[in-house]
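Peer 1: Sending over upload-v9.cif (mmCIF, C-alpha atoms and all ligand atoms).
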data_run
loop_
_atom_site.label_atom_id
_atom_site.label_comp_id
_atom_site.auth_asym_id
_atom_site.auth_seq_id
_atom_site.Cartn_x
_atom_site.Cartn_y
_atom_site.Cartn_z
CA MET A 1414 57.11 131.92 -104.85
CA ALA A 1415 59.32 128.89 -104.15
CA SER A 1416 62.62 129.03 -106.02
CA GLN A 1417 63.41 126.07 -108.29
CA GLN A 1418 66.08 123.80 -106.83
CA LYS A 1419 68.70 122.03 -108.88
CA PRO A 1420 67.37 118.55 -109.62
CA THR A 1421 68.85 115.75 -107.57
CA GLY A 1422 68.24 112.03 -107.65
CA THR A 1423 67.61 109.53 -110.39
CA LEU A 1424 64.53 109.29 -112.59
CA VAL A 1425 63.56 105.84 -113.87
CA ILE A 1426 62.01 106.27 -117.31
CA THR A 1427 60.29 103.37 -119.08
CA GLY A 1428 59.76 103.46 -122.84
CA GLY A 1429 62.67 105.87 -123.09
CA GLY A 1430 63.51 104.56 -126.55
CA GLY A 1431 60.18 105.72 -127.91
CA TYR A 1432 59.16 109.09 -129.29
CA VAL A 1433 57.57 110.51 -126.13
CA GLY A 1434 59.92 108.74 -123.70
CA GLY A 1435 62.98 109.88 -125.65
CA ASN A 1436 61.89 113.49 -125.33
CA ILE A 1437 61.32 113.08 -121.60
CA VAL A 1438 64.80 111.59 -121.22
CA ARG A 1439 66.35 114.44 -123.22
CA LEU A 1440 64.63 117.09 -121.11
CA ALA A 1441 65.44 115.36 -117.83
CA LEU A 1442 69.13 115.04 -118.73
CA SER A 1443 69.35 118.67 -119.83
CA LYS A 1444 67.90 119.75 -116.48
CA GLY A 1445 70.57 117.79 -114.64
CA TYR A 1446 68.63 114.71 -113.52
CA ALA A 1447 70.35 111.37 -113.57
CA VAL A 1448 68.26 109.02 -115.73
CA ARG A 1449 67.91 105.28 -115.64
CA LEU A 1450 66.32 104.06 -118.86
CA THR A 1451 64.52 100.75 -118.90
CA ALA A 1452 64.15 98.73 -122.09
CA ARG A 1453 62.97 95.26 -123.00
CA SER A 1454 66.21 94.07 -124.57
CA ASP A 1455 69.89 94.96 -124.68
CA SER A 1456 69.61 96.13 -128.26
CA SER A 1457 66.69 98.49 -127.55
CA ALA A 1458 68.51 99.80 -124.44
CA GLN A 1459 71.54 100.60 -126.56
CA LYS A 1460 69.42 102.29 -129.24
CA ALA A 1461 67.59 104.30 -126.59
CA ALA A 1462 70.83 105.48 -124.97
CA ALA A 1463 72.36 106.32 -128.36
CA LEU A 1464 69.70 109.02 -128.79
CA HIS A 1465 71.64 111.01 -126.16
CA PRO A 1466 75.26 110.59 -127.32
CA GLN A 1467 76.80 113.17 -125.01
CA TYR A 1468 75.53 111.23 -121.96
CA VAL A 1469 76.38 107.67 -123.10
CA ASN A 1470 78.87 106.01 -120.74
CA THR A 1471 78.45 108.75 -118.15
CA PRO A 1472 76.95 108.14 -114.70
CA GLN A 1473 74.10 110.52 -115.61
CA LEU A 1474 72.60 107.99 -118.04
CA THR A 1475 72.32 104.30 -117.22
CA THR A 1476 70.18 101.53 -118.68
CA THR A 1477 68.46 98.48 -117.22
CA VAL A 1478 66.88 95.65 -119.15
CA VAL A 1479 63.49 94.58 -117.81
CA PRO A 1480 62.44 91.41 -119.64
CA PRO A 1481 58.91 91.34 -121.07
CA PHE A 1482 56.88 89.62 -118.42
CA ASP A 1483 53.45 89.91 -116.91
CA PHE A 1484 52.93 90.41 -113.19
CA GLY A 1485 55.63 88.54 -111.24
CA GLY A 1486 54.17 88.74 -107.77
CA TYR A 1487 51.32 87.45 -105.68
CA ALA A 1488 49.87 88.01 -102.25
CA ASP A 1489 48.06 85.43 -100.19
CA SER A 1490 44.70 86.99 -99.30
CA GLY A 1491 45.09 85.92 -95.66
CA GLU A 1492 48.41 87.77 -95.50
CA VAL A 1493 46.85 90.87 -97.05
CA ALA A 1494 44.13 90.80 -94.39
CA GLN A 1495 46.63 90.37 -91.57
CA SER A 1496 48.85 93.15 -92.89
CA TYR A 1497 45.89 95.47 -93.22
CA LEU A 1498 45.02 95.15 -89.54
CA ARG A 1499 48.61 95.07 -88.29
CA ALA A 1500 49.30 98.34 -90.11
CA LEU A 1501 46.62 99.86 -87.88
CA GLU A 1502 47.77 98.13 -84.71
CA VAL A 1503 51.59 98.41 -84.87
CA PRO A 1504 52.60 101.94 -83.79
CA LYS A 1505 55.78 102.10 -85.88
CA ALA A 1506 53.75 101.38 -89.01
CA ALA A 1507 52.15 104.82 -88.76
CA GLY A 1508 52.52 106.89 -91.92
CA GLN A 1509 54.31 104.14 -93.83
CA ARG A 1510 53.47 102.31 -97.06
CA PHE A 1511 53.71 98.56 -97.38
CA LEU A 1512 53.97 96.24 -100.33
CA VAL A 1513 52.48 92.88 -99.37
CA GLY A 1514 53.62 90.08 -101.59
CA GLN A 1515 56.31 87.78 -102.88
CA GLY A 1516 57.72 86.67 -106.20
CA PHE A 1517 55.57 84.52 -108.44
CA ARG A 1518 56.11 82.38 -111.52
CA TYR A 1519 53.33 80.40 -113.18
CA GLN A 1520 55.65 77.44 -113.72
CA LEU A 1521 56.53 77.21 -110.00
CA ALA A 1522 52.86 77.46 -109.09
CA VAL A 1523 51.86 74.64 -111.42
CA ASP A 1524 54.83 72.54 -110.22
CA SER A 1525 53.61 72.98 -106.63
CA ALA A 1526 50.01 72.20 -107.49
CA ARG A 1527 50.91 69.01 -109.38
CA GLU A 1528 53.18 67.95 -106.53
CA SER A 1529 50.86 68.69 -103.60
CA ILE A 1530 47.47 67.60 -104.98
CA PRO A 1531 47.81 64.20 -106.68
CA GLU A 1532 44.25 64.33 -108.03
CA LEU A 1533 45.22 67.35 -110.12
CA LYS A 1534 48.42 65.89 -111.45
CA TYR A 1535 46.95 64.79 -114.77
CA ARG A 1536 44.72 67.84 -115.21
CA LEU A 1537 47.38 70.53 -115.09
CA PRO A 1538 49.93 71.37 -117.77
CA VAL A 1539 53.49 70.18 -117.17
CA GLY A 1540 55.32 73.05 -118.85
CA ARG A 1541 59.02 73.13 -118.01
CA PRO A 1542 59.25 71.91 -114.40
CA GLY A 1543 61.57 74.00 -112.24
CA PHE A 1544 62.02 76.74 -114.83
CA VAL A 1545 62.29 80.18 -113.26
CA GLU A 1546 61.45 82.75 -115.90
CA PRO A 1547 63.73 85.80 -115.70
CA ALA A 1548 61.80 88.80 -114.44
CA TYR A 1549 61.82 91.54 -111.88
CA GLU A 1550 61.55 90.63 -108.20
CA ILE A 1551 59.10 91.82 -105.59
CA ASP A 1552 60.47 92.87 -102.21
CA GLY A 1553 57.74 92.61 -99.60
CA SER A 1554 60.16 92.06 -96.72
CA LYS A 1555 59.26 95.31 -94.98
CA VAL A 1556 55.98 93.68 -93.97
CA GLU A 1557 57.94 91.01 -92.11
CA LYS A 1558 60.33 93.47 -90.48
CA VAL A 1559 57.88 96.16 -89.42
CA LEU A 1560 54.56 94.34 -89.11
CA GLY A 1561 56.00 91.00 -87.97
CA LEU A 1562 54.10 89.04 -90.61
CA GLU A 1563 55.44 85.62 -91.55
CA TYR A 1564 54.82 84.82 -95.19
CA LYS A 1565 53.73 81.35 -96.22
CA THR A 1566 55.65 79.77 -99.06
CA LEU A 1567 54.27 79.86 -102.60
CA ALA A 1568 53.83 76.08 -102.38
CA GLU A 1569 51.63 76.45 -99.27
CA THR A 1570 49.48 79.17 -100.82
CA VAL A 1571 49.09 77.19 -104.05
CA ARG A 1572 48.16 74.04 -102.15
CA ASP A 1573 45.56 75.91 -100.05
CA THR A 1574 44.08 77.67 -103.08
CA TYR A 1575 43.85 74.59 -105.29
CA SER A 1576 42.48 72.52 -102.40
CA GLN A 1577 39.65 75.03 -101.94
CA LEU A 1578 38.90 75.15 -105.68
CA TRP A 1579 38.99 71.37 -105.90
CA GLN A 1580 36.68 71.03 -102.91
CA ALA A 1581 34.28 73.55 -104.47
CA LYS A 1582 34.19 71.54 -107.70
CA LYS A 1583 33.49 68.34 -105.76
CA THR A 1584 30.68 70.07 -103.87
CA GLU A 1585 29.22 71.28 -107.16
CA GLY A 1586 29.56 67.80 -108.57
CA THR A 1587 31.72 69.08 -111.43
CA ALA A 1588 35.08 67.64 -110.35
N1 LIG A 1601 53.67 110.28 -130.25
C1 LIG A 1601 52.73 111.13 -129.87
O1 LIG A 1601 52.62 112.23 -130.42
C2 LIG A 1601 51.76 110.78 -128.77
C3 LIG A 1601 50.84 111.74 -128.39
C4 LIG A 1601 49.97 111.43 -127.35
C5 LIG A 1601 50.00 110.19 -126.72
N2 LIG A 1601 50.91 109.27 -127.13
C6 LIG A 1601 50.93 107.99 -126.43
O2 LIG A 1601 52.17 107.92 -125.70
C7 LIG A 1601 52.64 106.57 -125.68
C8 LIG A 1601 54.06 106.50 -126.29
O3 LIG A 1601 53.98 106.95 -127.61
P1 LIG A 1601 55.28 106.99 -128.53
O4 LIG A 1601 54.91 107.75 -129.76
O5 LIG A 1601 56.44 107.46 -127.73
O6 LIG A 1601 55.43 105.44 -128.89
P2 LIG A 1601 56.71 104.64 -129.41
O7 LIG A 1601 57.64 105.57 -130.10
O8 LIG A 1601 56.20 103.47 -130.16
O9 LIG A 1601 57.43 104.16 -128.06
C9 LIG A 1601 56.84 103.22 -127.20
C10 LIG A 1601 57.88 102.84 -126.16
O10 LIG A 1601 57.24 101.98 -125.20
C11 LIG A 1601 58.00 100.78 -125.09
N3 LIG A 1601 57.06 99.68 -124.87
C12 LIG A 1601 56.04 99.28 -125.67
N4 LIG A 1601 55.39 98.24 -125.13
C13 LIG A 1601 56.01 97.97 -123.96
C14 LIG A 1601 55.81 97.00 -122.97
N5 LIG A 1601 54.84 96.08 -123.04
N6 LIG A 1601 56.63 96.99 -121.89
C15 LIG A 1601 57.63 97.92 -121.79
N7 LIG A 1601 57.87 98.87 -122.71
C16 LIG A 1601 57.06 98.89 -123.80
C17 LIG A 1601 58.77 100.62 -126.38
O11 LIG A 1601 59.93 99.89 -126.12
P3 LIG A 1601 60.77 99.13 -127.26
O12 LIG A 1601 61.72 100.17 -127.78
O13 LIG A 1601 61.46 98.03 -126.52
O14 LIG A 1601 59.80 98.64 -128.31
C18 LIG A 1601 59.07 102.07 -126.74
O15 LIG A 1601 60.24 102.53 -126.08
C19 LIG A 1601 51.62 105.75 -126.48
O16 LIG A 1601 50.69 105.18 -125.55
C20 LIG A 1601 50.94 106.78 -127.36
O17 LIG A 1601 49.64 106.37 -127.72
C21 LIG A 1601 51.80 109.54 -128.14
#
Show this structure as structure tokens.
Peer 2:
Amino acid sequence: MASQQKPTGTLVITGGGGYVGGNIVRLALSKGYAVRLTARSDSSAQKAAALHPQYVNTPQLTTTVVPPFDFGGYADSGEVAQSYLRALEVPKAAGQRFLVGQGFRYQLAVDSARESIPELKYRLPVGRPGFVEPAYEIDGSKVEKVLGLEYKTLAETVRDTYSQLWQAKKTEGTA
């Protein structure tokens, strides 16, 4: 039977301020894991950490605030298709995992659409132009480094997507 090794590394635990999460954090700390708690606000991070007073302000217990936000990334379908085939074709991609995508914010997408397709300018909401909502970031750069893919910009993908949708509506006669 394999002997149990002393835990090493850091566990990221979401919902660590809750009933179940708090118990997982407690057990992980007692076994010697380092724990990084995520919470949705500073105050809930502090409350969550305070459940484990002997570890507060020690390197074994750290907190990170992840703002409430829905999915902050996107992938252009053409880039997904290219990556899929390149992962088969590029020898050094063997056995590796790839995240294909870049950061996304609805406001930046609608800004780009209003800017690049004048016909849509008065049909799309204005929102708060230029506002970048705080959120986590997506790092899909490994696809560029290993697979040699060059990402388009969000503005290019938005323009292509809206142009196709707009063309489809014109063809249907519903534009
Ligand atoms: N308690 C039980 O006996 C039991 C048994 C079986 C299954 N479960 C299931 O296990 C899960 C946790 O239960 P619990 O009793 O531990 O609940 P809880 O005490 O209410 O804790 C929920 C945790 O999830 C976090 N959270 C809620 N919505 C979130 C969101 N949208 N994004 C990020 N974090 C979010 C909360 O963070 P904030 O502190 O920021 O609000 C809180 O830390 C639930 O799905 C429950 O149905 C519970």
Peer 1: Show me, as a PyMOL selection string, the residues that have an atom within 9 Å of Lys1505 of chain A when counting all atoms listed in the file, minus same-chain residues fewer than 5 positions from it.
Peer 2: chain A and resi 1500+1559-1560
Peer 1: Dump the neighbourhood of ligand LIG 1601 (chain A) as a list of chain:residue names: all residues within 7 Å, distances computed on only C-alpha atoms and all ligand atoms.
Peer 2: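 Within the 7 Å cut-off, the matching residues are A:Thr1427, A:Gly1428, A:Gly1429, A:Gly1430, A:Gly1431, A:Tyr1432, A:Val1433, A:Gly1434, A:Ala1452, A:Arg1453, A:Ser1454, A:Ser1457, A:Pro1481.
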Peer 1: Would you kindly return, as an MDAnalysis selection string, each protein, DNA or RNA residue with an atom no farther than 12 Å from any atom of Ala1463 of chain A, considering only C-alpha atoms and excluding same-chain residues fewer than 5 positions away?
Peer 2: chainID A and resid 1429:1430 1435 1438:1439 1450 1456:1458 1468:1470 1474:1476
Peer 1: Write out as a ChimeraX atom specification each polymer residue whose atoms come within 12 Å of Gln1495 of chain A, counting all atoms listed in the file; drop sequence neighbours fewer than 2 positions from it.
Peer 2: /A:1488-1493,1497-1503,1513,1556-1557,1560-1564
Peer 1: Please, could you write that set of residues out with C-alpha atoms as a PDB file, in the frame of the given file?
Peer 2:
ATOM      1  CA  ALA A1488      49.870  88.010-102.250  1.00  0.00           C
ATOM      2  CA  ASP A1489      48.060  85.430-100.190  1.00  0.00           C
ATOM      3  CA  SER A1490      44.700  86.990 -99.300  1.00  0.00           C
ATOM      4  CA  GLY A1491      45.090  85.920 -95.660  1.00  0.00           C
ATOM      5  CA  GLU A1492      48.410  87.770 -95.500  1.00  0.00           C
ATOM      6  CA  VAL A1493      46.850  90.870 -97.050  1.00  0.00           C
ATOM      7  CA  TYR A1497      45.890  95.470 -93.220  1.00  0.00           C
ATOM      8  CA  LEU A1498      45.020  95.150 -89.540  1.00  0.00           C
ATOM      9  CA  ARG A1499      48.610  95.070 -88.290  1.00  0.00           C
ATOM     10  CA  ALA A1500      49.300  98.340 -90.110  1.00  0.00           C
ATOM     11  CA  LEU A1501      46.620  99.860 -87.880  1.00  0.00           C
ATOM     12  CA  GLU A1502      47.770  98.130 -84.710  1.00  0.00           C
ATOM     13  CA  VAL A1503      51.590  98.410 -84.870  1.00  0.00           C
ATOM     14  CA  VAL A1513      52.480  92.880 -99.370  1.00  0.00           C
ATOM     15  CA  VAL A1556      55.980  93.680 -93.970  1.00  0.00           C
ATOM     16  CA  GLU A1557      57.940  91.010 -92.110  1.00  0.00           C
ATOM     17  CA  LEU A1560      54.560  94.340 -89.110  1.00  0.00           C
ATOM     18  CA  GLY A1561      56.000  91.000 -87.970  1.00  0.00           C
ATOM     19  CA  LEU A1562      54.100  89.040 -90.610  1.00  0.00           C
ATOM     20  CA  GLU A1563      55.440  85.620 -91.550  1.00  0.00           C
ATOM     21  CA  TYR A1564      54.820  84.820 -95.190  1.00  0.00           C
TER      22      TYR A1564
END
Peer 1: When distances are computed from only C-alpha atoms, which of A:Lys1558, A:Val1425, A:Phe1517, A:Lys1565 shows the smallest separation from Phe1544 of chain A?
Peer 2: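 Nearest candidate to Phe1544 of chain A out of A:Lys1558, A:Val1425, A:Phe1517, A:Lys1565: A:Phe1517.
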Peer 1: If you measure from atom CA of Leu1537 of chain A to atom CA of Asp1524 of chain A, what distance in Å do you get, rounded to one decimal?
Peer 2: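 Interatomic distance, atom CA of Leu1537 of chain A to atom CA of Asp1524 of chain A: 9.1 Å.
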Peer 1: For atom CA of Gln1580 of chain A and atom CA of Gly1514 of chain A, determine how far apart the two atoms are, in Å to one decimal place.
Peer 2: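 So the answer is 25.5 Å.
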